[in-house]
Structures are given as C-alpha cells and as structure tokens.
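Peer 1: This is the structure I want to talk about, given as structure tokens.
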Amino acid sequence: MVETVYPQLIGLFAGGLLLTSVLMVWRHSLLASIRLLATQGIILAALVATIGMHEGEAELLVVSGLVLVVKGVALPWVLARQSRATTHMADESPRLNPTAALLAVALLTILSYAVSSRLAGLNASIPAHAAPIGLAMVLVGFLLLVTRRRARSQLVGFLLLDNGIATIAFLTSGGVPLLLELGVSLDVLLVVLILYAFAGRMSNKFGNTDIDQLRELHD
Amino acid sequence: MAFALWTPLIIPAFLAGLSLTNGFSRFRRFSGVTASAVVLLSGLLLVTAALQDQVPSSAGGVLRADALSAYMLTVVGAVGLVSTWGGLGANTAGHGKYAGSYDALVPVFLAAMSMAVLADNIGLMWASVEATTIATAFLVGHHRTRKSLEAAWKYVILGSVGVAIALLGIVLIYAASRGAGEPTLSWLSLSQTNLPLDPALIKAGGALAVLGFATKAGLAPMHSWLPDAHSQAPAPVSGLMSGVLLSVALYAILRIQSITDAVIGPEFLRTMLSIGGLLSLAVAASLLIRQRDYKRMLAYSSIEHMGLMAIGAAIGPAAMPAVLLYILGHGLTKATLFVISGRILAVEGTPVIADVRALLVRQPGLAIPWLIAMAALLGFPPSSIFFSEVGIIMAGWAAGMGTVVAAALVLLLVIFAALTRLTIAMTFGSPPSPVARPSYSPHGPLLPLVLALGTTATVAFIGEPVGALLIRAAAVLGGAS
C-alpha cells in the first residue's frame with residue numbers, strides 16, 4: 001500500500017467511527033441507532049482490514065471478517081428483529097436534551113485526547129495516534145448507558161462501549177490474539193442475547209421497557 | 001497430572017449438556033453436586049502436585065496450576081459442593097418448570113469459574129469471568145418475578161459493563177507488552193520476566209482492570225448489583241455467587257496486582273484497594289444497621305468481607321496467607337448461611353426479618369445451624385474467619401497502614417453489633433402464639449452444613465499441609481515461585 005494513503009485511510013475510518021457515535025447520541029429513534037451501529041461495525045471491519053494489509057498479517061484479515069459478521073451484521077440484526085415488532089414505542093425520551101448531549105460528547109472527546117496524550121507508549125505508531133477516538137467512543141457509550149431510559153437503547157450504549165474497546169485494541173496493538181478476539185465476540189453476543197431476552201420479558205411483564213420501572217429493590 | 005486441569009472444565013460442560021436432554025431428567029438434579037465434586041477432586045489433586053513443587057500445565061501453557069490456582073480451584077469445588085448439596089432439599093432449590101436450564105447452568109457456572117482460576121492468560125481469565133456473568137444471568141432471573149427480573153437486568157448490565165472496563169485495561173497491558181517487544185497476555189511472563197513494560201500504560205491498564213474486576217467482586221462504589229442479585233437468586237446460586245464468584249474476581253485482582261507491582265511498585269494499587277475496601281466496609285455498616293431482609297443482610301455481609309479482603313490485598317505479601325484462608329472460611333460459611341436462608345424462606349414464606357420471630361422455639365432444626373454459622377461469620381473463634389481477620393489487621397499494623405486498619409476495625413465493630421442484633425431478632429424471643437411441637441427437622445441435607453462448618457472451625461489449626469499450601473500460594477503472588 002502507498003505510504004501516504006495509509007495514514008489517510010486510518011484517519012478516515014477513525015473519523016467515521018467517531019461520527020457514527022455522535023449521530024447515535026443525536027438520533028433518538030432506536031431503529032436509526034441500530035443502523036448506525038451496523039455502519040460502525042462495517043467501518044471498524046474496514047479499519048482492521050487496512051491495518052492488516054499494511055502490516056501484512058493474514059490473521060488480522062480473518063479478524064476483520066469476524067468483526068464484519070458479528071458487529072456489522074449479527075448484533076444489529078438481533079436488535080432490529082425485535083425492534084421492528086415494537087416500533088410504535090421505540091422513540092426515546094432521554095434524560096438529556098440533544099444540545100446538552102452533543103456538548104457532553106464534545107467535552108468527552110476533548111477529555112479522551114487529553115488523557116491519551118499522557119500515555120507516552122500510545123504514540124509510537126500511525127494508528128496509535130487515532131487511539132483517543134476509541135476512548136471517546138467508550139465514554140460516549142457510557143453517556144448513552146446513563147442517559148437512556150429504554151432497555152434496548154441501553155443495549156446500544158453497551159455495544160458502542162464494546163466497539164470503543166475493540167477500536168483501542170486494534171489501533172494500539174493490532175488487536176488482541178485471535179483466540180481472545182473469538183472469546184470476546186462470543187461473550188458480547190451472548191450478553192446481548194441475554195439482555196434481549198430480559199427486555200422481552202420486561203415488555204411482557206411491565207408493558208414497556210422503561211428501566212425507570214425497575215425500582216422495587218432498594219434498602 | 002495435567003488431566004486434572006481439564007476435568008473441571010470438560011466434565012461439568014458434559015453434565016450441562018446431559019441436563020438438557022430428556023432421558024437424563026431423573027438424574028439431572030444431581031448435576032450440580034457431581035460437577036462440584038469433580039472440581040473439588042481435581043483441585044485436591046492439583047494441590048498435592050503443588051505441594052510436591054510440580055506446576056502442571058497444558059494446552060501450550062494456557063492452562064496452568066500453581067499453588068494459588070490449585071487452592072482457588074479447591075475452594076470453588078468445596079463451596080460449590082456445600083451450596084449444591086445443601087440445596088438438594090425438596091422445596092428449596094429452584095425446581096419448577098425451568099429445572100432443566102437450572103441444572104444445566106449451574107455446572108456451566110462452575111466450569112467458567114474453574115477456567116478463570118486455571119488460565120495463565122489474563123485474556124482467557126477475562127473471558128471466563130464474563131462467562132460467569134452469562135451463566136448466572138438466567139439463574140438470578142430464575143424465579144421470573146418482577147423483582148428477580150429487575151435484579152437480573154441490573155446484574156447483567158453492571159456486571160458486563162464493569163468487566164468491559166477490565167477488558168480495556170487488559171488491552172492497554174497488552175499494548176504495553178507489545179511495546180516491550182514481546183506481545184503476551186500470560187500473567188507469568190508479564191509479572192516475572194522483567195519485560196521493559198511502559199509504566200504509564202501499565203498504570204492505566206492496571207487501574208482499569210482492577211476497577212473492572214472490583215465491580216464483579218462487589219467492592220464499593222460498584223456494589224449496587226450485589227444485594228439485589230443475591231437476594232433474588234435461588235439460595236444455592238446465591239451461595240455460589242457470594243461464596244466463590246466474588247473471590248474469583250478478587251483472584252483476578254490479585255493476578256493483575258502481581259503485574260503492576262513488578263512494574264510500578266505497590267503504592268498505586270495499595271491506595272486504590274484501601275479506598276475501595278474502606279468504602280465497602282462503610283457501605284455495609286450503614287446499610288446493615290437498619291436491614292429488614294435476611295438475604296440482603298447476608299449480601300451486605302459479603303460486601304463487608306470482600307472489603308476487608310481488599311484491604312488485605314492492599315497490605316501485600318505479609319497479609320496474603322490470611323486473605324487466602326479468609327477466602328475459604330468466608331466461602332464455606334456464607335454458602336452454609338445462604339443454604340439455610342433458602343430453607344427459612346421456604347418454611348416461613350417471607351424474607352423479612354421482622355416476620356421471622358422466635359425461630360429457636362419454633363424451628364430449632366433451622367435456628368441452631370443458623371446461629372452456629374452466624375457466629376462463625378461474625379468471627380468467633382475457632383472459626384477461621386477470626387484468624388484471618390486478626391492476621392490481616394496485624395499485618396496492616398506492621399506494614400505501617402495503622403490508620404486504614406484502625407478505621408476498618410471501627411467499622412467492623414459497627415457491623416458486628418448490627419449483625420448480632422438482627423440475628424437475635426430472628427432467633428430469640430417468644431413466639432406470638434404458643435407452639436404445639438417445635439420442628440427439629442433441618443428441612444434438607446444436614447451433612448454438607450456440618451462438613452462446611454467443621455472445616456471452617458478446624459482448618460486454621462492444621463499447619464501441615466494447609467499452612468504450607470497457603471504460604472506457597474502467597475509466594476506465587478510475591479514474585480518468587
């Protein structure tokens with residue numbers, strides 16, 4: 001690969017990841033969030049493939065395919081399948097209004113750049129320069145988890161957080177070993193399936209999936 | 001001896017598969033007990049190997065059992081046996097419509113914990129800890145009531161987000177090892193081969209990993225899932241979660257600590273763990289004083305004991321044998337108490353302390369083991385918890401952490417008073433209406449409870465081989481192996 005194209009591609013894909021994360025905070029419709037999540041999974045797979053081709057590591061190309069299947073197709077499909085049946089109540093009324101949420105995203109992104117600049121070991125290679133984007137995704141995922149009220153929107157936040165961790169892993173060290181990557185993907189898939197089953201039970205029992213309903217257990 | 005590394009993983013998985021088939025339905029209620037027995041036997045085999053200075057390893061070194069791993073595996077098996085065997089009583093375990101999934105998930109849970117303690121790879125250890133969340137999610141929500149659904153949702157969200165933070169930390173540690181020229185996740189090479197690891201990355205990675213696993217260990221301020229999950233799960237599952245799952249998470253913290261200590265010294269994590277430990281004690285103390293639910297009371301007591309263990313981990317190698325003995329003593333005692341609490345719930349039909357009066361007069365078969373186990377939990381000698389607590393406090397004093405230890409002691413006194421008051425409220429007094437005939441039935445198998453309490457009472461006095469094993473296991477973390 002041409003040496004000047006590589007940093008640009010890394011920058012492009014990292015920018016795409018950040019953009020999809022910001023859009024997820026901005027959009028309130030669950031279905032739109034899920035489509036953004038799928039897009040993000042595809043961008044992440046492209047990023048992994050780029051690093052893999054540049055480093056000449058066949059293993060990373062396999063991982064890229066795995067990311068594409070799990071994060072780009074399987075997880076969004078699982079989430080969307082249930083949401084389509086319940087679109088009438090898929091609109092979110094978050095705790096933060098959009099302006100405040102976007103401002104918070106900007107602050108979190110600045111914070112993640114500030115934190116990453118103190119980790120000297122992260123700045124060794126071209127992809128590592130983009131690592132703060134991954135940290136920003138983790139923080140935005142937290143923001144979604146804290147501010148969203150519907151059970152399934154929280155799931156989107158959880159998956160964004162997981163994508164952020166994967167981004168950091170790929171940008172700083174070319175990903176974790178393949179076996180671990182498989183284990184992590186399987187774990188995340190199972191957690192999402194479990195939460196999805198619980199969200200279904202919640203709809204049956206409470207009539208909706210507003211987690212503000214979960215207030216019976218306290219001291 | 002390498003086969004003993006595989007039996008605690010494969011046989012429970014096999015039993016789990018069998019439990020889901022129809023032909024096995026008559027025997028599947030024993031799947032948890034069998035799986036625990038297999039884990040316990042494998043653990044004892046590995047302990048004998050460790051005492052002869054052997055370190056069995058398999059699968060290219062990914063599975064490895066030094067003295068610490070062997071000890072932890074034995075604890076998992078022993079606590080599992082007490083919980084599942086004690087839960088065999090006809091009306092205590094969750095044997096209803098969904099018995100098949102229950103009997104399949106308990107062995108999977110045991111196998112996941114075994115893998116977590118046997119893996120010499122922090123990545124695999126992470127995946128196993130996450131697998132315990134997956135296995136227990138449906139067990140916590142087993143009763144399918146509104147409350148258990150709420151507990152299960154909070155547990156899975158907090159548990160997996162917390163453990164995701166730990167993954168971020170592990171990724172940073174991996175990046176540090178890659179920067180040092182040898183990408184590895186083996187904690188053995190990370191902690192003992194003096195790789196030139198980047199201190200800033202290890203510091204950030206270690207802090208995040210400890211924070212993440214501390215969520216799973218129930219340390220404050222990330223403890224909020226614990227009382228809900230423990231009070232809603234079926235009693236044997238509560239016993240397993242409280243008795244060993246928390247300790248397995250603590251084990252993960254100890255392994256991470258052995259990596260960071262080698263690179264940036266012990267000061268950093270010492271501060272973190274001391275704060276977490278003291279906060280846990282404070283949370284437990286403040287919520288135990290006015291506690292109304294006896295299963296939640298046991299859950300807060302677990303937060304208390306994990307807090308003290310975290311302080312022990314902060315003190316370092318001098319307190320480590322006491323912390324390891326603590327893990328066994330607390331596990332067995334807490335499993336016993338949760339099993340009895342399940343029986344009280346089945347007999348009395350209420351989890352509220354105020355509604356369970358004069359148990360000693362009406363149900364002496366339940367009240368007597370409950371009182372003995374509570375006394376052991378409160379740290380009356382000869383319970384091994386007494387010796388562990390004294391060991392940690394003395395070691396902390398000697399290590400110059402007098403302020404932390406003194407604060408912990410004050411909080412322990414408050415907790416002692418609160419727990420004593422609640423136990424007396426449940427057991428003593430005169431019943432509202434005269435009792436025709438007190439029931440001496442223990443409402444389930446008595447032998448596992450006797451064995452568990454007998455072990456806690458005697459284990460602290462056995463210098464050889466228990467003392468030798470604890471010292472070897474502690475030495476693993478001290479850097480010399």
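Identifiers in the structure tokens: chain A, B, ... in order shown; residue index from 1 per chain; ligand index from 1 in order shown.
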Output the contact residues of chain A with respect to chain B at a cut-off of 9 Å, based on only C-alpha atoms, as a PyMOL selection string.
Peer 2: chain A and resi 118-122+124+142+151+154-155+158+161-162+165-166+168-169+172-177+179-180+183-184+187-188+190-191+194-195+198-199+201-202+205-206+211+213-219
Peer 1: Excluding A:Val25 and its own-chain neighbours fewer than 3 positions away, which residues fall within 8 Å of it when counting only C-alpha atoms? Please give them as a ChimeraX atom specification.
Peer 2: /A:21-22,28,98,101-102,140,144
Peer 1: Interatomic distance between atom CA of B:Pro107 and atom CA of B:Ala335?
Peer 2: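 Atom CA of B:Pro107 sits 16.5 Å away from atom CA of B:Ala335.
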Peer 1: If you run DSSP over the backbone, which residues in stretch 11-218 of chain A end up strand (DSSP E or B)? Put them as an MDAnalysis selection string.
Peer 2: chainID A and resid 29 91 150 210
Peer 1: Would you kindly return, as a compact mmCIF listing (two decimals) with N, CA and C atoms, in the first residue's frame, each protein, DNA or RNA residue with an atom no farther than 12 Å from any atom of A:His129, considering only C-alpha atoms and excluding same-chain residues fewer than 2 positions away?
Peer 2:
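For reference, result-v7.txt as written:
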```txt
# COMPACT_ATOMS: atom_id res chain seq x y z
N PRO A 7 -2.00 6.49 6.34
CA PRO A 7 -2.47 7.35 7.43
C PRO A 7 -3.81 8.00 7.12
N GLN A 8 -4.03 8.32 5.83
CA GLN A 8 -5.29 8.96 5.48
C GLN A 8 -6.46 8.00 5.67
N ILE A 10 -6.57 5.45 7.74
CA ILE A 10 -6.77 5.28 9.19
C ILE A 10 -7.58 6.45 9.72
N GLY A 11 -7.17 7.67 9.32
CA GLY A 11 -7.87 8.86 9.78
C GLY A 11 -9.32 8.86 9.34
N ALA A 14 -11.27 6.19 11.36
CA ALA A 14 -11.43 6.62 12.76
C ALA A 14 -12.45 7.74 12.84
N TYR A 113 -8.73 12.91 24.40
CA TYR A 113 -7.44 13.33 23.82
C TYR A 113 -6.47 13.76 24.91
N SER A 116 -5.21 10.59 26.70
CA SER A 116 -4.33 9.74 25.90
C SER A 116 -2.96 10.37 25.70
N SER A 117 -2.92 11.73 25.64
CA SER A 117 -1.62 12.36 25.39
C SER A 117 -0.65 12.10 26.54
N LEU A 119 -0.32 9.20 27.96
CA LEU A 119 0.19 7.84 27.85
C LEU A 119 1.22 7.81 26.73
N ALA A 120 2.48 7.99 27.09
CA ALA A 120 3.53 8.12 26.09
C ALA A 120 3.60 6.89 25.18
N GLY A 121 3.39 5.73 25.76
CA GLY A 121 3.55 4.50 25.00
C GLY A 121 2.54 4.34 23.87
N LEU A 122 1.47 5.16 23.90
CA LEU A 122 0.44 5.02 22.88
C LEU A 122 0.81 5.69 21.57
N ASN A 123 1.81 6.58 21.59
CA ASN A 123 2.04 7.40 20.41
C ASN A 123 3.12 6.85 19.49
N ALA A 124 3.37 5.56 19.59
CA ALA A 124 4.50 5.01 18.87
C ALA A 124 4.24 4.87 17.36
N SER A 125 3.03 4.54 16.93
CA SER A 125 2.80 4.25 15.52
C SER A 125 1.69 5.13 14.96
N ILE A 126 1.50 5.05 13.64
CA ILE A 126 0.47 5.88 12.99
C ILE A 126 -0.92 5.56 13.54
N PRO A 127 -1.35 4.29 13.60
CA PRO A 127 -2.71 4.03 14.10
C PRO A 127 -2.89 4.50 15.53
N ALA A 131 -5.89 6.52 18.55
CA ALA A 131 -6.45 5.78 19.69
C ALA A 131 -7.41 6.60 20.55
N PRO A 132 -7.20 7.92 20.73
CA PRO A 132 -8.17 8.68 21.54
C PRO A 132 -9.60 8.56 21.03
N ILE A 133 -9.77 8.31 19.72
CA ILE A 133 -11.12 8.13 19.18
C ILE A 133 -11.79 6.95 19.88
N GLY A 134 -11.04 5.87 20.07
CA GLY A 134 -11.59 4.70 20.74
C GLY A 134 -12.03 5.03 22.15
N LEU A 135 -11.18 5.79 22.85
CA LEU A 135 -11.52 6.18 24.22
C LEU A 135 -12.78 7.04 24.23
N ILE A 168 -9.75 0.65 20.36
CA ILE A 168 -8.48 0.90 21.06
C ILE A 168 -7.54 -0.28 20.86
N PHE A 170 -7.38 -2.47 18.42
CA PHE A 170 -6.82 -2.57 17.07
C PHE A 170 -5.83 -1.45 16.79
N LEU A 171 -6.13 -0.24 17.30
CA LEU A 171 -5.25 0.89 16.98
C LEU A 171 -3.95 0.84 17.76
N THR A 172 -3.98 0.33 19.00
CA THR A 172 -2.75 0.36 19.79
C THR A 172 -1.88 -0.86 19.58
N SER A 173 -2.48 -2.03 19.39
CA SER A 173 -1.62 -3.20 19.34
C SER A 173 -2.03 -4.16 18.24
```
Peer 1: Figure out the distance between atom CA of B:Leu110 and atom CA of B:Leu273, please, to one decimal in Å.
Peer 2: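 Separating atom CA of B:Leu273 from atom CA of B:Leu110 is a distance of 27.0 Å.
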Peer 1: Out of B:Phe416, B:Tyr440, B:Tyr326, B:Phe461, which residue has the shortest atom-to-atom distance to B:Gly391 when counting only C-alpha atoms?
Peer 2: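 Checking each of B:Phe416, B:Tyr440, B:Tyr326, B:Phe461 against B:Gly391, counting only C-alpha atoms, the winner is B:Tyr326.
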Peer 1: Excluding A:Val63 and its own-chain neighbours fewer than 6 positions away, which residues fall within 8 Å of it when counting only C-alpha atoms? Please give them as a list in words.
Peer 2: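 These residues fall inside the cut-off: Val48, Leu178 and Glu181 of chain A.
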Peer 1: Suppose you want the space between atom CA of B:Glu182 and atom CA of B:Leu269; what is it in Å?
Peer 2: 24.7 Å
Peer 1: Which residues, written as a PyMOL selection string, have at least one atom at most 9 Å from A:Ala104, with only C-alpha atoms counted and residues fewer than 5 positions away on the same chain left out?
Peer 2: chain A and resi 99+109+140+143
Peer 1: Generate the output file for the selected residues, N, CA and C atoms, as a short mmCIF file (atom, residue, chain, number, x, y, z; two decimals), in the first residue's frame.
Peer 2:
```
data_model
loop_
_atom_site.label_atom_id
_atom_site.label_comp_id
_atom_site.auth_asym_id
_atom_site.auth_seq_id
_atom_site.Cartn_x
_atom_site.Cartn_y
_atom_site.Cartn_z
N THR A 99 -29.02 19.11 22.56
CA THR A 99 -27.93 20.09 22.61
C THR A 99 -26.96 19.76 23.74
N THR A 109 -14.82 13.96 24.14
CA THR A 109 -13.79 13.74 23.13
C THR A 109 -12.51 14.50 23.50
N VAL A 140 -18.57 7.90 25.25
CA VAL A 140 -19.89 8.19 24.71
C VAL A 140 -20.84 7.02 24.98
N LEU A 143 -22.10 7.47 28.29
CA LEU A 143 -23.11 8.54 28.30
C LEU A 143 -24.46 7.98 27.90
#
```
Peer 1: Which of chain A counts as helix (DSSP H, G or I) under DSSP, as a ChimeraX atom specification please?
Peer 2: /A:5-26,30-55,58-85,87-89,98-117,120-123,127-147,151-173,178-206,211-213
Peer 1: Which one of B:Val210, B:Gly239, B:Leu250, B:Val263 sits closest to B:Thr193 if you count only C-alpha atoms?
Peer 2: B:Val263
Peer 1: Pick the closest to B:Ala407 from B:Ile289, B:Phe386, B:Lys334, B:Leu281: which is it, counting only C-alpha atoms?
Peer 2: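 Distance minimum relative to B:Ala407 lands on B:Leu281.
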Peer 1: Which one is closest to B:Pro234: B:Thr84, B:Ser383, B:Ser430, B:Thr34? Count only C-alpha atoms.
Peer 2: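 Of B:Thr84, B:Ser383, B:Ser430, B:Thr34, the one nearest B:Pro234 is B:Thr84, counting only C-alpha atoms.
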Peer 1: If we count only C-alpha atoms, what is near A:Arg35 at a cut-off of 8 Å, once residues fewer than 4 positions away on the same chain are taken out, given as a list in words?
Peer 2: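 The residues that qualify are Leu31, Thr39 and Pro76 of chain A.
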